[in-house]
file coords.txt (compact mmCIF, C-alpha atoms and all ligand atoms)
# COMPACT_ATOMS: atom_id res chain seq x y z
CA MET A 9 88.24 133.54 91.56
CA PHE A 10 86.90 130.08 92.42
CA ASP A 11 83.92 130.53 94.76
CA ILE A 12 82.87 127.04 95.84
CA GLU A 13 79.73 128.19 97.68
CA LYS A 14 78.53 130.07 94.60
CA ILE A 15 79.26 127.08 92.39
CA ARG A 16 77.41 124.72 94.71
CA ALA A 17 74.43 127.07 94.71
CA ASP A 18 74.36 126.80 90.90
CA PHE A 19 73.51 123.08 91.12
CA PRO A 20 69.95 122.65 92.45
CA ILE A 21 70.32 118.91 93.08
CA LEU A 22 73.08 119.48 95.61
CA GLN A 23 70.42 120.78 98.02
CA ARG A 24 68.78 117.36 98.05
CA GLN A 25 68.69 115.02 101.01
CA ILE A 26 69.28 111.29 100.50
CA ASN A 27 68.12 108.93 103.24
CA GLY A 28 67.73 111.91 105.54
CA LYS A 29 71.32 113.11 104.97
CA PRO A 30 72.69 115.87 102.73
CA LEU A 31 73.65 114.44 99.36
CA VAL A 32 77.39 113.94 98.95
CA TYR A 33 77.63 113.27 95.22
CA LEU A 34 80.86 111.44 94.43
CA ASP A 35 79.76 109.79 91.20
CA SER A 36 80.53 112.56 88.73
CA GLY A 37 82.96 110.27 86.91
CA ALA A 38 79.86 108.39 85.75
CA SER A 39 77.79 111.49 85.07
CA ALA A 40 77.99 115.02 86.44
CA GLN A 41 75.11 117.05 87.85
CA LYS A 42 73.77 120.01 85.88
CA PRO A 43 73.98 123.69 86.78
CA ARG A 44 70.80 125.76 86.68
CA VAL A 45 71.98 127.61 83.55
CA VAL A 46 71.94 124.34 81.61
CA ILE A 47 68.55 123.28 82.95
CA ASP A 48 67.14 126.73 82.19
CA ALA A 49 68.62 126.79 78.68
CA VAL A 50 66.98 123.47 77.81
CA ARG A 51 63.65 124.59 79.27
CA ASP A 52 63.91 127.96 77.50
CA LEU A 53 64.55 126.26 74.18
CA TYR A 54 61.46 124.09 74.49
CA GLU A 55 59.32 126.95 75.83
CA ASN A 56 60.38 129.59 73.34
CA ASP A 57 62.69 128.63 70.50
CA TYR A 58 62.26 124.96 69.60
CA ALA A 59 62.07 123.70 66.01
CA ASN A 60 64.08 121.31 63.89
CA VAL A 61 67.47 122.59 62.76
CA HIS A 62 69.07 123.15 59.35
CA ARG A 63 65.94 122.70 57.25
CA GLY A 64 63.41 125.39 58.03
CA LEU A 65 63.21 128.82 56.56
CA HIS A 66 61.04 130.01 59.41
CA THR A 67 62.08 132.08 62.38
CA LEU A 68 62.06 129.35 65.04
CA SER A 69 64.09 126.98 62.91
CA ASN A 70 66.62 129.72 62.28
CA ILE A 71 66.93 130.53 65.98
CA ALA A 72 67.25 126.85 66.93
CA THR A 73 69.86 126.33 64.17
CA GLU A 74 71.84 129.34 65.31
CA LYS A 75 71.90 128.12 68.91
CA TYR A 76 72.71 124.56 67.87
CA GLU A 77 75.51 125.54 65.49
CA GLY A 78 76.76 128.02 68.09
CA THR A 79 77.70 125.02 70.22
CA ARG A 80 80.15 123.86 67.55
CA ALA A 81 82.14 127.06 67.97
CA LYS A 82 81.99 126.69 71.76
CA VAL A 83 83.34 123.14 71.62
CA ALA A 84 86.15 124.34 69.35
CA ARG A 85 86.99 127.16 71.77
CA PHE A 86 86.81 124.84 74.78
CA LEU A 87 89.23 122.38 73.17
CA GLY A 88 91.57 124.97 71.67
CA VAL A 89 90.66 124.09 68.09
CA LYS A 90 90.87 126.85 65.46
CA ASP A 91 88.61 125.30 62.84
CA GLU A 92 85.11 124.60 64.17
CA GLU A 93 84.36 122.46 61.10
CA GLU A 94 86.68 119.86 62.60
CA ILE A 95 84.08 119.30 65.36
CA VAL A 96 81.53 116.53 64.75
CA PHE A 97 78.56 116.31 67.10
CA THR A 98 77.90 112.91 68.63
CA THR A 99 75.72 111.47 71.36
CA GLY A 100 78.85 110.98 73.44
CA THR A 101 82.28 109.41 73.40
CA THR A 102 80.91 105.96 72.60
CA GLU A 103 79.43 107.18 69.33
CA GLY A 104 82.51 109.26 68.54
CA ILE A 105 84.87 106.29 68.79
CA ASN A 106 82.49 104.00 66.89
CA LEU A 107 82.37 106.65 64.16
CA VAL A 108 86.15 106.56 63.81
CA SER A 109 86.28 102.77 63.91
CA TYR A 110 83.60 102.39 61.23
CA ALA A 111 84.19 105.37 58.98
CA TRP A 112 87.97 105.77 59.13
CA ALA A 113 89.66 102.60 60.40
CA ALA A 114 87.52 99.76 58.98
CA PRO A 115 87.96 100.61 55.28
CA ARG A 116 91.69 101.27 55.69
CA PHE A 117 93.02 98.56 58.02
CA GLN A 118 94.25 95.20 56.70
CA PRO A 119 94.54 91.86 58.52
CA GLY A 120 97.62 91.98 60.75
CA ASP A 121 97.53 95.76 61.14
CA GLU A 122 97.98 96.72 64.78
CA ILE A 123 96.17 99.02 67.18
CA VAL A 124 97.98 99.90 70.40
CA LEU A 125 95.81 100.51 73.43
CA SER A 126 96.23 100.52 77.19
CA VAL A 127 94.56 98.13 79.60
CA MET A 128 93.13 101.23 81.30
CA GLU A 129 90.71 101.91 78.44
CA HIS A 130 86.97 102.18 78.96
CA HIS A 131 84.94 99.65 76.95
CA ALA A 132 83.99 102.53 74.63
CA ASN A 133 87.62 102.61 73.52
CA ILE A 134 87.96 98.83 73.37
CA VAL A 135 84.88 97.26 71.84
CA PRO A 136 84.91 99.28 68.57
CA TRP A 137 88.47 97.94 68.03
CA HIS A 138 87.42 94.39 68.92
CA PHE A 139 84.92 94.74 66.06
CA LEU A 140 87.89 95.22 63.70
CA ARG A 141 89.74 92.31 65.30
CA GLU A 142 86.71 90.03 64.87
CA ARG A 143 85.70 91.19 61.41
CA GLN A 144 88.99 91.83 59.66
CA GLY A 145 91.86 90.37 61.64
CA VAL A 146 93.26 93.57 63.12
CA VAL A 147 95.58 92.86 66.07
CA LEU A 148 95.11 94.61 69.43
CA LYS A 149 98.33 95.27 71.35
CA TRP A 150 97.86 95.99 75.03
CA VAL A 151 100.06 98.19 77.18
CA GLU A 152 100.00 97.86 80.98
CA PRO A 153 100.63 100.72 83.40
CA ASP A 154 103.30 100.70 86.12
CA VAL A 155 102.25 99.32 89.52
CA ASP A 156 101.16 102.74 90.78
CA GLY A 157 98.91 103.17 87.72
CA SER A 158 101.23 105.58 85.86
CA LEU A 159 101.48 105.09 82.13
CA PRO A 160 104.71 106.63 80.81
CA PRO A 161 104.41 107.56 77.11
CA GLU A 162 107.58 105.56 76.36
CA LYS A 163 105.77 102.40 77.41
CA VAL A 164 103.02 103.07 74.88
CA LEU A 165 105.52 103.94 72.16
CA GLU A 166 107.56 100.78 72.82
CA ALA A 167 104.53 98.75 71.72
CA VAL A 168 104.61 100.40 68.28
CA THR A 169 105.85 98.30 65.37
CA ASP A 170 105.90 98.85 61.62
CA LYS A 171 102.40 97.33 61.56
CA THR A 172 100.90 99.88 63.95
CA ARG A 173 98.19 102.01 62.34
CA LEU A 174 96.59 103.60 65.39
CA ILE A 175 97.20 104.34 69.04
CA ALA A 176 93.86 104.50 70.90
CA ILE A 177 94.48 105.83 74.37
CA THR A 178 92.70 107.47 77.27
CA HIS A 179 93.70 110.94 78.45
CA MET A 180 92.57 110.08 81.98
CA SER A 181 91.57 106.72 83.44
CA ASN A 182 88.02 106.63 84.78
CA VAL A 183 89.11 104.09 87.42
CA LEU A 184 92.62 105.04 88.54
CA GLY A 185 92.51 108.74 87.70
CA THR A 186 95.87 108.38 85.90
CA LYS A 187 96.57 111.18 83.44
CA VAL A 188 98.40 110.15 80.30
CA ASP A 189 100.87 112.36 78.44
CA VAL A 190 98.97 112.10 75.18
CA ARG A 191 100.86 115.01 73.65
CA THR A 192 104.16 113.11 73.66
CA ILE A 193 102.39 110.01 72.33
CA ALA A 194 100.56 111.86 69.54
CA HIS A 195 103.66 113.76 68.38
CA ALA A 196 105.85 110.64 68.32
CA ALA A 197 103.12 108.69 66.54
CA ARG A 198 102.65 111.40 63.92
CA ALA A 199 106.39 111.38 63.20
CA LYS A 200 106.02 107.70 62.33
CA GLY A 201 102.86 108.19 60.27
CA ILE A 202 100.65 106.58 62.93
CA ALA A 203 97.31 108.10 63.92
CA THR A 204 96.25 108.73 67.52
CA LEU A 205 92.76 108.65 68.98
CA VAL A 206 92.38 110.09 72.48
CA ASP A 207 89.46 109.36 74.78
CA GLY A 208 89.00 112.71 76.49
CA SER A 209 85.82 111.78 78.37
CA GLN A 210 87.37 112.29 81.80
CA ALA A 211 90.34 114.59 81.19
CA ALA A 212 88.40 117.36 79.47
CA VAL A 213 86.21 117.74 82.56
CA HIS A 214 89.00 118.34 85.03
CA GLY A 215 91.46 120.71 83.40
CA PRO A 216 92.33 122.72 80.32
CA VAL A 217 92.75 120.82 77.06
CA ASP A 218 94.54 122.33 74.07
CA LEU A 219 94.17 120.15 71.03
CA GLU A 220 96.39 122.32 68.84
CA GLU A 221 99.15 121.47 71.29
CA ILE A 222 98.25 117.80 71.82
CA GLY A 223 98.08 117.17 68.10
CA ALA A 224 96.01 113.95 68.15
CA ASP A 225 94.02 112.99 65.05
CA PHE A 226 90.83 112.24 66.98
CA TYR A 227 89.76 113.51 70.42
CA ALA A 228 86.37 112.48 71.85
CA ILE A 229 84.38 114.16 74.62
CA THR A 230 81.03 113.41 76.20
CA GLY A 231 78.64 116.19 77.28
CA HIS A 232 76.99 114.60 80.31
CA LYS A 233 80.29 114.41 82.18
CA LEU A 234 80.93 118.06 81.29
CA TYR A 235 77.85 119.16 83.27
CA GLY A 236 75.73 119.12 80.09
CA PRO A 237 72.74 116.96 79.13
CA SER A 238 73.08 113.23 78.50
CA GLY A 239 73.04 112.40 74.79
CA SER A 240 75.36 115.29 73.93
CA GLY A 241 78.98 115.08 72.85
CA ALA A 242 81.52 115.76 70.16
CA ILE A 243 84.65 114.48 68.54
CA HIS A 244 87.43 116.57 67.10
CA ILE A 245 88.76 115.11 63.85
CA ARG A 246 91.65 116.67 61.99
CA ARG A 247 90.72 117.74 58.49
CA GLU A 248 93.11 115.34 56.77
CA ARG A 249 91.47 112.41 58.59
CA MET A 250 87.97 113.70 57.82
CA ALA A 251 88.83 113.73 54.15
CA GLU A 252 89.73 110.03 54.40
CA MET A 253 86.46 109.00 56.07
CA ARG A 254 83.44 107.33 54.55
CA PRO A 255 80.03 108.34 55.94
CA PHE A 256 78.76 106.69 59.12
CA LEU A 257 74.98 106.70 59.56
CA GLY A 258 72.89 107.40 56.47
CA GLY A 259 69.84 109.67 56.38
CA GLY A 260 68.81 113.28 56.35
CA ASP A 261 71.28 116.15 56.72
CA MET A 262 74.36 114.09 55.83
CA ILE A 263 73.53 114.13 52.11
CA ASP A 264 73.85 116.64 49.33
CA THR A 265 71.65 114.95 46.70
CA VAL A 266 69.70 111.70 46.61
CA THR A 267 68.19 110.13 43.50
CA ARG A 268 66.96 106.62 42.78
CA ASP A 269 70.37 105.68 41.47
CA ALA A 270 72.86 107.71 43.42
CA VAL A 271 73.67 109.71 46.49
CA THR A 272 76.18 112.46 47.10
CA TYR A 273 77.21 113.54 50.56
CA ASN A 274 77.23 116.78 52.45
CA LYS A 275 80.65 118.13 53.31
CA PRO A 276 82.18 117.42 56.72
CA PRO A 277 81.25 117.77 59.53
CA MET A 278 77.63 117.35 58.35
CA LYS A 279 78.60 114.24 56.38
CA PHE A 280 78.94 112.47 59.74
CA GLU A 281 75.76 113.80 61.37
CA ALA A 282 72.70 111.97 60.03
CA GLY A 283 69.10 112.63 61.00
CA THR A 284 67.58 115.02 63.52
CA PRO A 285 70.29 115.54 66.13
CA GLY A 286 70.02 116.04 69.88
CA ILE A 287 69.10 119.69 69.48
CA ALA A 288 68.37 120.54 73.11
CA GLN A 289 71.20 118.27 74.26
CA GLN A 290 73.89 119.96 72.19
CA ILE A 291 72.58 123.44 72.98
CA GLY A 292 72.67 122.48 76.67
CA MET A 293 76.24 121.25 76.28
CA GLY A 294 77.21 124.59 74.74
CA VAL A 295 75.81 126.41 77.77
CA ALA A 296 77.67 124.00 80.08
CA LEU A 297 80.94 124.72 78.26
CA ASP A 298 80.34 128.48 78.56
CA TYR A 299 79.75 127.94 82.26
CA LEU A 300 83.01 126.00 82.62
CA MET A 301 85.00 128.54 80.61
CA GLY A 302 83.49 131.28 82.81
CA ILE A 303 84.85 129.57 85.93
CA GLY A 304 88.13 128.72 84.21
CA MET A 305 89.44 125.20 83.69
CA ASP A 306 92.70 126.11 85.48
CA ASN A 307 90.69 127.13 88.55
CA ILE A 308 88.73 123.90 88.41
CA ALA A 309 91.96 121.89 88.12
CA ALA A 310 93.46 123.67 91.14
CA HIS A 311 90.36 123.10 93.29
CA GLU A 312 90.22 119.43 92.36
CA ALA A 313 93.96 118.97 92.98
CA ASP A 314 93.35 120.23 96.52
CA LEU A 315 90.46 117.77 96.92
CA ARG A 316 92.63 114.95 95.58
CA ASP A 317 95.51 115.66 97.97
CA TYR A 318 93.21 116.14 100.95
CA THR A 319 91.22 112.97 100.24
CA ALA A 320 94.35 110.91 99.47
CA SER A 321 95.91 111.90 102.79
CA LYS A 322 92.73 110.92 104.68
CA LEU A 323 92.36 107.60 102.86
CA GLN A 324 96.03 106.80 103.50
CA GLY A 325 95.24 106.68 107.21
CA LEU A 326 92.76 103.83 106.72
CA ASN A 327 95.01 100.78 106.79
CA TRP A 328 92.14 98.39 106.03
CA LEU A 329 91.41 100.15 102.72
CA ASN A 330 93.12 99.47 99.38
CA VAL A 331 93.14 102.39 96.96
CA GLN A 332 93.91 101.47 93.34
CA GLY A 333 96.11 103.91 91.50
CA THR A 334 98.46 106.45 93.07
CA ALA A 335 100.08 107.91 89.95
CA PRO A 336 101.56 111.37 90.52
CA GLY A 337 99.26 114.12 89.23
CA LYS A 338 96.26 111.79 89.01
CA GLY A 339 92.71 113.11 89.02
CA ALA A 340 90.47 113.14 92.10
CA ILE A 341 89.17 109.62 91.49
CA PHE A 342 89.55 106.91 94.14
CA SER A 343 88.74 103.28 93.43
CA MET A 344 88.75 101.26 96.62
CA THR A 345 88.34 97.81 98.07
CA LEU A 346 88.16 96.90 101.76
CA GLY A 347 90.49 94.18 103.01
CA GLY A 348 88.64 90.96 103.83
CA PRO A 349 85.46 89.59 102.31
CA ALA A 350 83.49 92.87 102.03
CA HIS A 351 81.91 93.29 98.60
CA PRO A 352 82.16 96.78 97.06
CA HIS A 353 78.42 96.69 96.33
CA ASP A 354 77.87 96.51 100.10
CA ILE A 355 80.23 99.47 100.56
CA SER A 356 78.25 101.49 98.08
CA THR A 357 74.93 100.56 99.74
CA ILE A 358 76.17 101.50 103.21
CA LEU A 359 77.61 104.77 101.90
CA ASP A 360 74.29 105.56 100.29
CA LYS A 361 72.57 105.25 103.69
CA ARG A 362 74.83 108.14 104.73
CA GLY A 363 73.88 110.13 101.64
CA VAL A 364 77.23 109.42 99.96
CA ALA A 365 76.81 108.42 96.29
CA VAL A 366 79.66 106.31 94.88
CA ARG A 367 79.69 103.70 92.16
CA ALA A 368 80.73 100.06 92.50
CA GLY A 369 81.25 97.72 89.59
CA HIS A 370 83.68 96.99 86.79
CA HIS A 371 83.42 100.62 85.60
CA CYS A 372 83.33 99.42 81.97
CA ALA A 373 87.00 98.57 82.25
CA GLY A 374 87.24 94.75 82.05
CA PRO A 375 90.95 94.49 81.07
CA LEU A 376 91.88 96.90 83.89
CA MET A 377 89.90 94.90 86.47
CA GLU A 378 91.77 91.81 85.31
CA TRP A 379 95.11 93.59 85.62
CA LEU A 380 94.22 94.93 89.08
CA GLY A 381 92.96 91.52 90.18
CA VAL A 382 89.70 92.97 91.52
CA SER A 383 86.18 92.51 90.25
CA ALA A 384 84.27 95.58 91.32
CA PRO A 385 85.94 98.36 93.31
CA ALA A 386 83.88 101.16 94.83
CA ARG A 387 84.78 104.44 93.13
CA ALA A 388 84.50 107.93 94.58
CA SER A 389 84.93 110.48 91.79
CA PHE A 390 85.11 114.16 92.70
CA ALA A 391 84.03 117.16 90.64
CA MET A 392 84.38 120.91 90.85
CA TYR A 393 81.38 121.23 93.22
CA ASN A 394 82.77 118.89 95.88
CA THR A 395 84.36 120.03 99.13
CA ARG A 396 86.82 118.87 101.78
CA ALA A 397 83.83 118.42 104.12
CA GLU A 398 82.41 115.93 101.63
CA ALA A 399 85.73 114.06 101.60
CA ASP A 400 85.39 113.87 105.39
CA ALA A 401 81.85 112.52 105.00
CA LEU A 402 83.22 109.84 102.65
CA VAL A 403 85.91 108.84 105.14
CA SER A 404 83.50 108.63 108.05
CA ALA A 405 81.05 106.55 105.97
CA LEU A 406 83.93 104.24 104.98
CA GLU A 407 84.79 103.85 108.68
CA LEU A 408 81.23 102.72 109.26
CA CYS A 409 81.62 100.20 106.41
CA ASN A 410 84.73 98.81 108.05
CA GLU A 411 82.91 98.45 111.38
CA LEU A 412 80.04 96.62 109.75
CA LEU A 413 81.88 94.59 107.11
CA GLY A 414 85.55 94.51 108.06
N1 LIG B 501 85.57 106.76 78.15
C1 LIG B 501 85.69 107.00 79.46
C2 LIG B 501 87.08 107.15 80.04
C3 LIG B 501 84.57 107.10 80.27
O1 LIG B 501 84.72 107.33 81.58
C4 LIG B 501 83.29 106.96 79.68
C5 LIG B 501 82.06 107.04 80.51
O2 LIG B 501 82.00 106.49 81.58
C6 LIG B 501 83.20 106.74 78.31
C7 LIG B 501 84.36 106.64 77.57
C8 LIG B 501 81.88 106.57 77.61
O3 LIG B 501 81.18 107.76 77.59
P1 LIG B 501 79.66 107.77 77.08
O4 LIG B 501 78.97 106.64 77.80
O5 LIG B 501 79.17 109.09 77.50
O6 LIG B 501 79.68 107.58 75.62

call {"tool": "encode", "arguments": {"input": "coords.txt", "output": "structure tokens"}}
result
Amino acid sequence: MFDIEKIRADFPILQRQINGKPLVYLDSGASAQKPRVVIDAVRDLYENDYANVHRGLHTLSNIATEKYEGTRAKVARFLGVKDEEEIVFTTGTTEGINLVSYAWAAPRFQPGDEIVLSVMEHHANIVPWHFLRERQGVVLKWVEPDVDGSLPPEKVLEAVTDKTRLIAITHMSNVLGTKVDVRTIAHAARAKGIATLVDGSQAAVHGPVDLEEIGADFYAITGHKLYGPSGSGAIHIRRERMAEMRPFLGGGDMIDTVTRDAVTYNKPPMKFEAGTPGIAQQIGMGVALDYLMGIGMDNIAAHEADLRDYTASKLQGLNWLNVQGTAPGKGAIFSMTLGGPAHPHDISTILDKRGVAVRAGHHCAGPLMEWLGVSAPARASFAMYNTRAEADALVSALELCNELLG
């Protein structure tokens, strides 16, 4: 059962006051708050079990290694992956996608080869592909959503030609909340011998993800949005793709042997994890994933769907407010502009005075801002610990904005 009061009590920061008002944290799309179990696990590691991983033969190193490697199995379970060796630890989605761009795509793609991506992508799923455009003449083909922000899979597949090598697509937009049917895209792409990379940064936080079913070649997640520490993350890479990849960063742990004249590499996934990793970060992410699986991703999805519907109905009543993205089944993310000259930064500042934390800016989504014709919407992004009362607080703070700025 989903007990919102119990969940809220698990997050110490939610007790905080901001500007004399109870914190209403609606910026989880940028980074989620951490439950006490995660905070305690990190502290416990440093107080009792900390040492470097993989190299020591002493007790602490063995305990730290066991906890650290235990996270790999948890990520696999969380994502519905059978083989935990297909999970590569990263510092987050940004590193995961850069890994694929550098280690898999760059050595394989020729000038004129095409990558299909949507204009809804986060810069993390754009810039690594621009590198290939700049350096080796790869062509980026952009797909636009429908006016309501929906992105039917057929639209993505229509952009595929015989030059397409990769479809790089988000599972959920961090601005519009649109969910994309990546399963249909990945299966159709595979049938044509095209690889798919899915940016799961947002989607994996808000509902169950089954990668066996989705069937993408690469699926990236980021730990800090999953209620884990910043600097944690992972990417799932299918074995066949791993076998095609050159190493990424060079250093300790990713090697087998090193001499003056030669180097041989560790086997995947270690081949892609150089140097001392984020030990506490990844262990903390593992605890966060246990916490989420304990609550149940279906339960989280149902709670957030209620928040989305409730908030959407309230926002609809504000005729001076423009909400970007109304795709059916979207996540509980609302990007907004006020009619008239009000700047979203002012909205965010006024909301903050009421204790309501939202983000305003381009949300690392330049092509989407261009497509929407806005520069910096204010974004309220809900998480499992939010409530209908907090949606009401948002609406009343927006009404204040309209009085002051409208
Ligand atoms: N992709 C999406 C959709 C995101 O929302 C974000 C973070 O805002 C990222 C990628 C980048 O994640 P990170 O900064 O944790 O690497």

call {"tool": "closest_atom_pairs", "arguments": {"input": "coords.txt", "of": "chain A", "to": "ligand LIG 501 (chain B)", "cutoff": "6 Å", "atoms": "all atoms listed in the file", "output": "tab-separated table"}}
result
residue	atom	partner	partner_atom	distance
A:Ala38	CA	B:LIG501	O2	5.1
A:Gly100	CA	B:LIG501	O6	4.1
A:Thr101	CA	B:LIG501	O6	3.9
A:Thr102	CA	B:LIG501	O6	3.6
A:His130	CA	B:LIG501	N1	4.9
A:Ala132	CA	B:LIG501	C7	5.1
A:Ser181	CA	B:LIG501	C2	5.6
A:Asn182	CA	B:LIG501	O1	4.6
A:Asp207	CA	B:LIG501	N1	5.8
A:Ser209	CA	B:LIG501	C1	4.9
A:Gln210	CA	B:LIG501	C2	5.4
A:Thr230	CA	B:LIG501	O5	4.9

call {"tool": "residues_around", "arguments": {"input": "coords.txt", "residues": "Ile245 of chain A", "least_positions_apart": "3", "cutoff": "8 Å", "atoms": "all atoms listed in the file", "output": "PyMOL selection string"}}
result
chain A and resi 94-96+225-227+249-250

call {"tool": "write_last_selection", "arguments": {"input": "coords.txt", "atoms": "C-alpha atoms", "output": "mmCIF file, in the coordinates of the input"}}
result
data_model
loop_
_atom_site.group_PDB
_atom_site.id
_atom_site.type_symbol
_atom_site.label_atom_id
_atom_site.label_comp_id
_atom_site.auth_asym_id
_atom_site.auth_seq_id
_atom_site.Cartn_x
_atom_site.Cartn_y
_atom_site.Cartn_z
ATOM 1 C CA GLU A 94 86.680 119.860 62.600
ATOM 2 C CA ILE A 95 84.080 119.300 65.360
ATOM 3 C CA VAL A 96 81.530 116.530 64.750
ATOM 4 C CA ASP A 225 94.020 112.990 65.050
ATOM 5 C CA PHE A 226 90.830 112.240 66.980
ATOM 6 C CA TYR A 227 89.760 113.510 70.420
ATOM 7 C CA ARG A 249 91.470 112.410 58.590
ATOM 8 C CA MET A 250 87.970 113.700 57.820
#

call {"tool": "closest_residue", "arguments": {"input": "coords.txt", "among": "A:Pro255, A:Pro336, A:Gly286, A:Gly78", "to": "Thr272 of chain A", "atoms": "all atoms listed in the file"}}
result
A:Pro255

call {"tool": "residues_near_point", "arguments": {"input": "coords.txt", "point": "(90.5, 91.0, 59.1)", "cutoff": "9 Å", "atoms": "only C-alpha atoms", "output": "PDB file with C-alpha atoms, in the coordinates of the input"}}
result
ATOM      1  CA  PHE A 117      93.020  98.560  58.020  1.00  0.00           C
ATOM      2  CA  GLN A 118      94.250  95.200  56.700  1.00  0.00           C
ATOM      3  CA  PRO A 119      94.540  91.860  58.520  1.00  0.00           C
ATOM      4  CA  GLY A 120      97.620  91.980  60.750  1.00  0.00           C
ATOM      5  CA  ASP A 121      97.530  95.760  61.140  1.00  0.00           C
ATOM      6  CA  LEU A 140      87.890  95.220  63.700  1.00  0.00           C
ATOM      7  CA  ARG A 141      89.740  92.310  65.300  1.00  0.00           C
ATOM      8  CA  GLU A 142      86.710  90.030  64.870  1.00  0.00           C
ATOM      9  CA  ARG A 143      85.700  91.190  61.410  1.00  0.00           C
ATOM     10  CA  GLN A 144      88.990  91.830  59.660  1.00  0.00           C
ATOM     11  CA  GLY A 145      91.860  90.370  61.640  1.00  0.00           C
ATOM     12  CA  VAL A 146      93.260  93.570  63.120  1.00  0.00           C
ATOM     13  CA  VAL A 147      95.580  92.860  66.070  1.00  0.00           C
TER      14      VAL A 147
END

call {"tool": "closest_residue", "arguments": {"input": "coords.txt", "among": "A:Leu326, A:Ile222, A:Gly337, A:Asp170", "to": "Ala194 of chain A", "atoms": "only C-alpha atoms"}}
result
A:Ile222

call {"tool": "atom_distance", "arguments": {"input": "coords.txt", "atom1": "atom CA of Tyr110 of chain A", "atom2": "atom CA of Phe256 of chain A"}}
result
6.8 Å

call {"tool": "closest_residue", "arguments": {"input": "coords.txt", "among": "A:Ala405, A:Ala310, A:Gly292, A:Ile341", "to": "Tyr54 of chain A", "atoms": "all atoms listed in the file"}}
result
A:Gly292

call {"tool": "residues_around", "arguments": {"input": "coords.txt", "residues": "Leu234 of chain A", "least_positions_apart": "2", "cutoff": "9 Å", "atoms": "only C-alpha atoms", "output": "number ranges by chain"}}
result
A: 39-42, 209-210, 212-214, 229-232, 236-237, 293, 296-297, 300

call {"tool": "atom_distance", "arguments": {"input": "coords.txt", "atom1": "atom CA of Met377 of chain A", "atom2": "atom CA of Lys149 of chain A"}}
result
17.3 Å

call {"tool": "residues_around", "arguments": {"input": "coords.txt", "residues": "segment 189-192 of chain A", "least_positions_apart": "6", "cutoff": "8 Å", "atoms": "only C-alpha atoms", "output": "PyMOL selection string"}}
result
chain A and resi 160-161+177+179+206+221-224

call {"tool": "atom_distance", "arguments": {"input": "coords.txt", "atom1": "atom CA of His370 of chain A", "atom2": "atom CA of Val127 of chain A"}}
result
13.1 Å

call {"tool": "closest_residue", "arguments": {"input": "coords.txt", "among": "A:Ile243, A:Ala391, A:Ala373, A:Leu402", "to": "Val89 of chain A", "atoms": "only C-alpha atoms"}}
result
A:Ile243

call {"tool": "closest_residue", "arguments": {"input": "coords.txt", "among": "A:Gly104, A:Gly37, A:Pro285, A:Gly374", "to": "Ser126 of chain A", "atoms": "only C-alpha atoms"}}
result
A:Gly374
